[in-house]
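Data first, discussion second: the structure below is written as structure tokens.
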2 protein chains.
Amino acid sequence: MKLSELFREKGVQEHYKKGQHIFRQGDENVNLYFVQSGFLKAYYLSNDGKEQVKSFITPNSVMGSLVSCYAKGKCSFSLASIEAATLIKLPFSYLLKHSQENLLLANQLQSLLLDLAMKKEKREYEFLCLPAEQRYLQLQNDTPELFTKATQNDIAHYLGITHVALSRIKKRLSSNSSAL
Amino acid sequence: MKLSELFREKGVQEHYKKGQHIFRQGDENVNLYFVQSGFLKAYYLSNDGKEQVKSFITPNSVMGSLVSCYAKGKCSFSLASIEAATLIKLPFSYLLKHSQENLLLANQLQSLLLDLAMKKEKREYEFLCLPAEQRYLQLQNDTPELFTKATQNDIAHYLGITHVALSRIKKRLSSNSSAL
DNA sequence: TCACTTTGTTAACCCAGGTTAATGAAGGAG
DNA sequence: CTCCTTCATTAACCTGGGTTAACAAAGTGA
């Protein structure tokens with residue numbers, strides 16, 4: 001059995017309107033979600049009530065709170081749709097159980113996790129080694145489609161800055177490039 | 001077969017002196033390392049030659065460059081010992097191959113990856129949502145033993161700041177606490 | 001149509017942290 | 001012991017980004 005089959009056969013399709021939440025920080029949510037269509041953002045609310053964007057989620061990816069799914073904690077972030085979305089919901093335990101008796105599935109979960117780990121490693125690198133301006137350029141390069149869907153505010157919070165700082169960066173970049 | 005057995009039976013023990021490198025950024029290194037003893041740091045050299053610490057590695061953990069092991073790229077960071085260390089080296093492909101036919105091993109690799117993913121998620125959260133001072137306090141809380149082994153410089157670079165800024169933070173904290 | 005909300009830009013002011021450099025303490029190596 | 005290197009602290013100066021607020025543009029709804 002393949003992962004996609006498991007989602008198709010055992011998962012439940014759900015529709016979300018723009019701006020709706022799939023789950024909220026503090027919830028217990030033990031599901032994985034496969035994104036069929038739409039556009040999501042995962043974000044943290046910090047202690048002082050400020051929003052910081054953990055990641056944007058595009059179609060054909062799998063999303064969920066590992067801490068809640070796997071470590072039986074509460075979701076450390078919220079998941080909401082930026083664009084009307086269709087998801088397939090599947091309890092993580094279901095996948096875990098099947099992966100304990102099905103090698104193909106176990107290996108698919110493995111490569112999912114390996115890809116996730118490498119993505120997170122990249123983000124860690126960017127926060128450690130690149131200034132905000134460079135992170136902005138990287139993002140433009142890596143996922144240009146994001147700029148048509150997310151607000152400047154969300155993009156800034158993904159980069160770890162405010163929308164005011166992002167606006168300044170854009171101005172700086174445009175004046176530099178025109179000066180060349 | 002368990003993961004620990006695989007390391008014990010198929011791995012090669014290696015000894016490193018303080019300050020020695022296990023691999024360097026740009027190398028191809030397809031091994032996983034199990035840390036028997038010692039203390040390591042993984043660090044990036046950014047374009048302008050500055051060092052940033054990706055992570056500290058304590059005994060009983062497994063370390064390696066996923067990008068090099070799994071994605072067949074070059075190591076994106078260097079791995080060096082801070083304290084004399086004994087490691088067991090095992091090609092990642094070996095683990096991957098066996099995990100494709102051995103469920104127990106596949107599930108152990110899985111939980112290794114899940115733990116890694118959660119650790120990285122925590123770090124991402126800290127960079128996004130916490131100021132340097134808070135990150136410092138967290139680190140003190142999470143791994144106090146680190147402060148006896150790593151230099152202020154390494155700790156600062158792990159926090160994403162310079163050792164000068166770290167010194168200022170410490171001063172700020174000590175004067176605040178004495179004022180209470 | 002007009003009112004209201006959301007979004008993006010810009011300015012003014014402030015502060016945390018970067019940079020550079022001086023100083024001192026600690027620890028080898030000879 | 002002396003020299004030299006590594007490590008930590010501190011000061012002076014500068015800059016990028018946070019904060020607040022004003023303003024304009026673009027939706028959105030009644």
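Scheme for the structure tokens: letters A, B, ... for chains in order shown; per-chain residue numbers from 1; ligand numbers from 1 in order shown.
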TODO: Identify all residues of stretch 20-159 of chain B in strand (DSSP E) (DSSP on the backbone) and supply them as a PyMOL selection string.
DONE: chain B and resi 21-23+31-45+51-57+62-63+78-91
After a least-squares superposition on chain B using every in-order C-alpha pair, I'd like chain A written out as a JSON list (two decimals) with C-alpha atoms, in the first residue's frame.
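Wrote it out as superposed.json, contents follow:
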```json
[["chain", "number", "residue", "atom", "x", "y", "z"],
["A", 1, "MET", "CA", 18.37, -6.11, 14.00],
["A", 2, "LYS", "CA", 18.42, -2.94, 16.00],
["A", 3, "LEU", "CA", 20.09, 0.31, 15.06],
["A", 4, "SER", "CA", 22.55, 0.09, 17.94],
["A", 5, "GLU", "CA", 23.54, -3.41, 16.78],
["A", 6, "LEU", "CA", 24.05, -2.19, 13.25],
["A", 7, "PHE", "CA", 26.41, 0.49, 14.52],
["A", 8, "ARG", "CA", 28.23, -1.93, 16.77],
["A", 9, "GLU", "CA", 28.59, -4.69, 14.22],
["A", 10, "LYS", "CA", 29.02, -2.82, 10.98],
["A", 11, "GLY", "CA", 30.37, 0.52, 12.12],
["A", 12, "VAL", "CA", 33.99, 1.59, 12.50],
["A", 13, "GLN", "CA", 35.16, 3.24, 15.67],
["A", 14, "GLU", "CA", 37.15, 6.44, 15.27],
["A", 15, "HIS", "CA", 38.93, 8.64, 17.75],
["A", 16, "TYR", "CA", 39.20, 12.39, 17.39],
["A", 17, "LYS", "CA", 41.29, 14.83, 19.35],
["A", 18, "LYS", "CA", 39.93, 18.13, 20.55],
["A", 19, "GLY", "CA", 39.55, 20.54, 17.65],
["A", 20, "GLN", "CA", 39.80, 17.90, 14.95],
["A", 21, "HIS", "CA", 37.37, 17.83, 12.06],
["A", 22, "ILE", "CA", 35.17, 14.85, 11.24],
["A", 23, "PHE", "CA", 34.21, 16.43, 7.92],
["A", 24, "ARG", "CA", 34.22, 19.85, 6.34],
["A", 25, "GLN", "CA", 31.66, 21.93, 4.53],
["A", 26, "GLY", "CA", 31.87, 21.03, 0.84],
["A", 27, "ASP", "CA", 33.07, 17.48, 1.46],
["A", 28, "GLU", "CA", 31.15, 14.48, 0.37],
["A", 29, "ASN", "CA", 30.55, 12.40, 3.45],
["A", 30, "VAL", "CA", 27.93, 9.72, 3.32],
["A", 31, "ASN", "CA", 28.30, 8.47, 6.88],
["A", 32, "LEU", "CA", 26.27, 8.65, 9.99],
["A", 33, "TYR", "CA", 28.19, 8.99, 13.23],
["A", 34, "PHE", "CA", 27.13, 7.68, 16.56],
["A", 35, "VAL", "CA", 28.73, 9.69, 19.36],
["A", 36, "GLN", "CA", 30.02, 7.37, 22.08],
["A", 37, "SER", "CA", 31.83, 10.07, 24.00],
["A", 38, "GLY", "CA", 33.02, 13.62, 23.57],
["A", 39, "PHE", "CA", 31.38, 16.79, 22.42],
["A", 40, "LEU", "CA", 30.99, 18.07, 18.88],
["A", 41, "LYS", "CA", 29.86, 21.17, 17.08],
["A", 42, "ALA", "CA", 28.36, 21.44, 13.62],
["A", 43, "TYR", "CA", 28.91, 24.82, 12.05],
["A", 44, "TYR", "CA", 28.47, 26.77, 8.85],
["A", 45, "LEU", "CA", 30.98, 29.09, 7.27],
["A", 46, "SER", "CA", 28.99, 31.86, 5.64],
["A", 47, "ASN", "CA", 30.09, 33.60, 2.46],
["A", 48, "ASP", "CA", 31.98, 36.29, 4.33],
["A", 49, "GLY", "CA", 33.91, 33.67, 6.26],
["A", 50, "LYS", "CA", 32.00, 33.93, 9.53],
["A", 51, "GLU", "CA", 31.26, 30.87, 11.58],
["A", 52, "GLN", "CA", 27.72, 30.10, 12.73],
["A", 53, "VAL", "CA", 26.97, 27.11, 14.92],
["A", 54, "LYS", "CA", 24.23, 24.82, 13.66],
["A", 55, "SER", "CA", 24.20, 22.54, 16.68],
["A", 56, "PHE", "CA", 26.14, 21.00, 19.50],
["A", 57, "ILE", "CA", 26.23, 17.22, 19.61],
["A", 58, "THR", "CA", 26.32, 15.26, 22.85],
["A", 59, "PRO", "CA", 27.10, 11.59, 23.52],
["A", 60, "ASN", "CA", 24.53, 8.99, 22.45],
["A", 61, "SER", "CA", 23.27, 10.99, 19.52],
["A", 62, "VAL", "CA", 23.57, 10.29, 15.84],
["A", 63, "MET", "CA", 24.97, 12.89, 13.51],
["A", 64, "GLY", "CA", 25.61, 13.29, 9.82],
["A", 65, "SER", "CA", 24.94, 15.50, 6.84],
["A", 66, "LEU", "CA", 21.59, 14.47, 5.39],
["A", 67, "VAL", "CA", 22.20, 16.50, 2.28],
["A", 68, "SER", "CA", 25.38, 14.57, 1.61],
["A", 69, "CYS", "CA", 24.11, 11.20, 2.88],
["A", 70, "TYR", "CA", 20.71, 11.17, 1.36],
["A", 71, "ALA", "CA", 20.48, 13.85, -1.30],
["A", 72, "LYS", "CA", 23.95, 13.08, -2.66],
["A", 73, "GLY", "CA", 25.04, 16.68, -2.33],
["A", 74, "LYS", "CA", 28.02, 18.16, -0.49],
["A", 75, "CYS", "CA", 28.02, 18.70, 3.23],
["A", 76, "SER", "CA", 26.50, 22.08, 3.92],
["A", 77, "PHE", "CA", 28.30, 22.36, 7.24],
["A", 78, "SER", "CA", 31.45, 21.22, 9.03],
["A", 79, "LEU", "CA", 31.58, 18.84, 11.96],
["A", 80, "ALA", "CA", 34.37, 19.20, 14.51],
["A", 81, "SER", "CA", 35.09, 18.00, 18.01],
["A", 82, "ILE", "CA", 35.11, 20.48, 20.88],
["A", 83, "GLU", "CA", 36.28, 17.78, 23.21],
["A", 84, "ALA", "CA", 38.16, 14.54, 22.45],
["A", 85, "ALA", "CA", 35.55, 12.20, 21.01],
["A", 86, "THR", "CA", 34.95, 8.60, 20.09],
["A", 87, "LEU", "CA", 32.53, 8.03, 17.23],
["A", 88, "ILE", "CA", 31.22, 5.06, 15.32],
["A", 89, "LYS", "CA", 31.05, 5.61, 11.60],
["A", 90, "LEU", "CA", 28.43, 3.88, 9.45],
["A", 91, "PRO", "CA", 27.53, 4.58, 5.83],
["A", 92, "PHE", "CA", 23.99, 5.93, 5.67],
["A", 93, "SER", "CA", 23.28, 3.79, 2.61],
["A", 94, "TYR", "CA", 23.89, 0.78, 4.78],
["A", 95, "LEU", "CA", 21.17, 1.84, 7.17],
["A", 96, "LEU", "CA", 18.85, 2.80, 4.35],
["A", 97, "LYS", "CA", 19.35, -0.52, 2.59],
["A", 98, "HIS", "CA", 18.69, -2.53, 5.72],
["A", 99, "SER", "CA", 15.73, -0.39, 6.64],
["A", 100, "GLN", "CA", 14.16, -1.28, 3.32],
["A", 101, "GLU", "CA", 13.97, -4.90, 4.35],
["A", 102, "ASN", "CA", 13.83, -4.69, 8.09],
["A", 103, "LEU", "CA", 10.81, -3.19, 9.76],
["A", 104, "LEU", "CA", 12.31, -2.73, 13.19],
["A", 105, "LEU", "CA", 15.19, -0.80, 11.72],
["A", 106, "ALA", "CA", 12.89, 1.24, 9.50],
["A", 107, "ASN", "CA", 10.87, 2.24, 12.51],
["A", 108, "GLN", "CA", 13.95, 3.17, 14.49],
["A", 109, "LEU", "CA", 15.16, 5.36, 11.67],
["A", 110, "GLN", "CA", 11.70, 6.86, 11.56],
["A", 111, "SER", "CA", 11.69, 7.82, 15.20],
["A", 112, "LEU", "CA", 15.20, 9.19, 14.82],
["A", 113, "LEU", "CA", 13.92, 11.42, 12.02],
["A", 114, "LEU", "CA", 10.81, 12.39, 13.92],
["A", 115, "ASP", "CA", 12.89, 13.46, 16.89],
["A", 116, "LEU", "CA", 15.18, 15.40, 14.61],
["A", 117, "ALA", "CA", 12.24, 17.13, 12.96],
["A", 118, "MET", "CA", 10.81, 18.17, 16.30],
["A", 119, "LYS", "CA", 14.16, 19.48, 17.48],
["A", 120, "LYS", "CA", 14.52, 21.55, 14.33],
["A", 121, "GLU", "CA", 10.99, 22.80, 14.71],
["A", 122, "LYS", "CA", 11.83, 24.03, 18.19],
["A", 123, "ARG", "CA", 14.88, 25.87, 16.91],
["A", 124, "GLU", "CA", 12.84, 27.42, 14.11],
["A", 125, "TYR", "CA", 10.35, 28.62, 16.70],
["A", 126, "GLU", "CA", 13.07, 30.16, 18.80],
["A", 127, "PHE", "CA", 14.58, 32.07, 15.89],
["A", 128, "LEU", "CA", 11.18, 33.29, 14.75],
["A", 129, "CYS", "CA", 9.58, 34.15, 18.05],
["A", 130, "LEU", "CA", 12.23, 34.74, 20.69],
["A", 131, "PRO", "CA", 14.73, 37.58, 20.96],
["A", 132, "ALA", "CA", 18.39, 36.66, 21.53],
["A", 133, "GLU", "CA", 18.11, 37.16, 25.27],
["A", 134, "GLN", "CA", 15.26, 34.67, 25.53],
["A", 135, "ARG", "CA", 17.10, 32.19, 23.35],
["A", 136, "TYR", "CA", 20.05, 32.47, 25.70],
["A", 137, "LEU", "CA", 17.89, 31.75, 28.73],
["A", 138, "GLN", "CA", 16.28, 28.78, 26.97],
["A", 139, "LEU", "CA", 19.67, 27.36, 26.14],
["A", 140, "GLN", "CA", 20.86, 27.75, 29.72],
["A", 141, "ASN", "CA", 17.75, 25.90, 30.78],
["A", 142, "ASP", "CA", 17.85, 23.15, 28.18],
["A", 143, "THR", "CA", 21.56, 22.32, 28.15],
["A", 144, "PRO", "CA", 23.39, 23.89, 31.09],
["A", 145, "GLU", "CA", 26.32, 21.46, 30.65],
["A", 146, "LEU", "CA", 27.06, 23.23, 27.39],
["A", 147, "PHE", "CA", 28.34, 26.27, 29.23],
["A", 148, "THR", "CA", 31.20, 24.31, 30.76],
["A", 149, "LYS", "CA", 32.35, 22.94, 27.42],
["A", 150, "ALA", "CA", 31.80, 25.51, 24.70],
["A", 151, "THR", "CA", 33.35, 28.96, 24.46],
["A", 152, "GLN", "CA", 31.28, 32.14, 24.64],
["A", 153, "ASN", "CA", 32.06, 32.56, 20.99],
["A", 154, "ASP", "CA", 30.55, 29.22, 20.01],
["A", 155, "ILE", "CA", 27.52, 29.77, 22.21],
["A", 156, "ALA", "CA", 26.96, 33.21, 20.70],
["A", 157, "HIS", "CA", 27.24, 31.81, 17.19],
["A", 158, "TYR", "CA", 24.74, 29.13, 18.12],
["A", 159, "LEU", "CA", 22.33, 31.84, 19.26],
["A", 160, "GLY", "CA", 22.87, 33.74, 16.04],
["A", 161, "ILE", "CA", 24.75, 36.67, 17.59],
["A", 162, "THR", "CA", 28.37, 37.68, 18.23],
["A", 163, "HIS", "CA", 30.29, 37.04, 21.42],
["A", 164, "VAL", "CA", 30.21, 40.77, 22.08],
["A", 165, "ALA", "CA", 26.42, 40.78, 22.03],
["A", 166, "LEU", "CA", 26.33, 37.71, 24.26],
["A", 167, "SER", "CA", 28.56, 39.43, 26.77],
["A", 168, "ARG", "CA", 26.18, 42.39, 26.78],
["A", 169, "ILE", "CA", 23.19, 40.13, 27.32],
["A", 170, "LYS", "CA", 24.86, 38.44, 30.26],
["A", 171, "LYS", "CA", 25.68, 41.80, 31.79],
["A", 172, "ARG", "CA", 22.13, 43.03, 31.27],
["A", 173, "LEU", "CA", 20.70, 39.92, 32.89],
["A", 174, "SER", "CA", 23.00, 40.00, 35.89],
["A", 175, "SER", "CA", 22.34, 43.67, 36.61],
["A", 176, "ASN", "CA", 18.59, 43.10, 36.28],
["A", 177, "SER", "CA", 18.54, 40.14, 38.62],
["A", 178, "SER", "CA", 20.59, 41.94, 41.25],
["A", 179, "ALA", "CA", 18.18, 44.86, 41.04],
["A", 180, "LEU", "CA", 15.22, 42.71, 42.08]]
```
- [ ] Identify all chain C residues at most 8 Å from chain A by counting only C-alpha atoms (C1' of nucleotides); ligands do not count. Present them as JSON, numbers by chain.
- [x] {"C": [7, 8, 9]}
Requested write-out: N, CA and C atoms (P, O5', C5', C4', C3', O3' and C1' of nucleotides) of the selected residues, as a short mmCIF file (atom, residue, chain, number, x, y, z; two decimals), in the first residue's frame:
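Everything below was put into result_25.cif:
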```cif
data_model
loop_
_atom_site.label_atom_id
_atom_site.label_comp_id
_atom_site.auth_asym_id
_atom_site.auth_seq_id
_atom_site.Cartn_x
_atom_site.Cartn_y
_atom_site.Cartn_z
P DT C 7 -5.25 41.97 4.91
"O5'" DT C 7 -4.37 42.98 4.08
"C5'" DT C 7 -4.63 43.13 2.68
"C4'" DT C 7 -3.76 44.22 2.12
"C3'" DT C 7 -2.27 44.09 2.47
"O3'" DT C 7 -1.55 43.85 1.28
"C1'" DT C 7 -3.05 46.33 2.71
P DG C 8 0.03 43.62 1.36
"O5'" DG C 8 0.61 45.07 1.13
"C5'" DG C 8 0.45 45.69 -0.14
"C4'" DG C 8 1.07 47.08 -0.10
"C3'" DG C 8 2.54 47.11 0.31
"O3'" DG C 8 3.27 47.80 -0.70
"C1'" DG C 8 1.27 48.66 1.57
P DT C 9 4.83 48.00 -0.59
"O5'" DT C 9 4.96 49.51 -0.13
"C5'" DT C 9 4.28 50.51 -0.90
"C4'" DT C 9 4.49 51.86 -0.26
"C3'" DT C 9 5.93 52.18 0.13
"O3'" DT C 9 6.29 53.40 -0.50
"C1'" DT C 9 4.44 52.65 1.91
#
```
Counting only C-alpha atoms (C1' of nucleotides), which residues of chain D come no farther than 12 Å from chain A, as a compact mmCIF listing (two decimals) with C-alpha atoms (C1' of nucleotides), in the first residue's frame?
```
# COMPACT_ATOMS: atom_id res chain seq x y z
C1' DG D 16 19.22 47.52 10.49
C1' DG D 17 15.08 46.69 12.13
C1' DG D 18 11.14 47.54 15.69
C1' DT D 19 7.48 50.82 16.94
C1' DT D 20 4.18 54.12 16.10
```
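We find atom C1' of D:DA25 and atom C1' of C:DA11 to be spaced 18.4 Å apart.
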Open item on the list: Run DSSP on the backbone and tell me which residues of stretch 77-176 of chain A come out as helix (DSSP H, G or I); list them as a VMD selection string.
Closed with: chain A and resid 92 to 99 103 to 129 132 to 142 146 to 149 152 to 159 163 to 176
Task: One-decimal distance in Å that lies between atom C1' of C:DC14 and atom C1' of D:DA21 - done: 14.6 Å
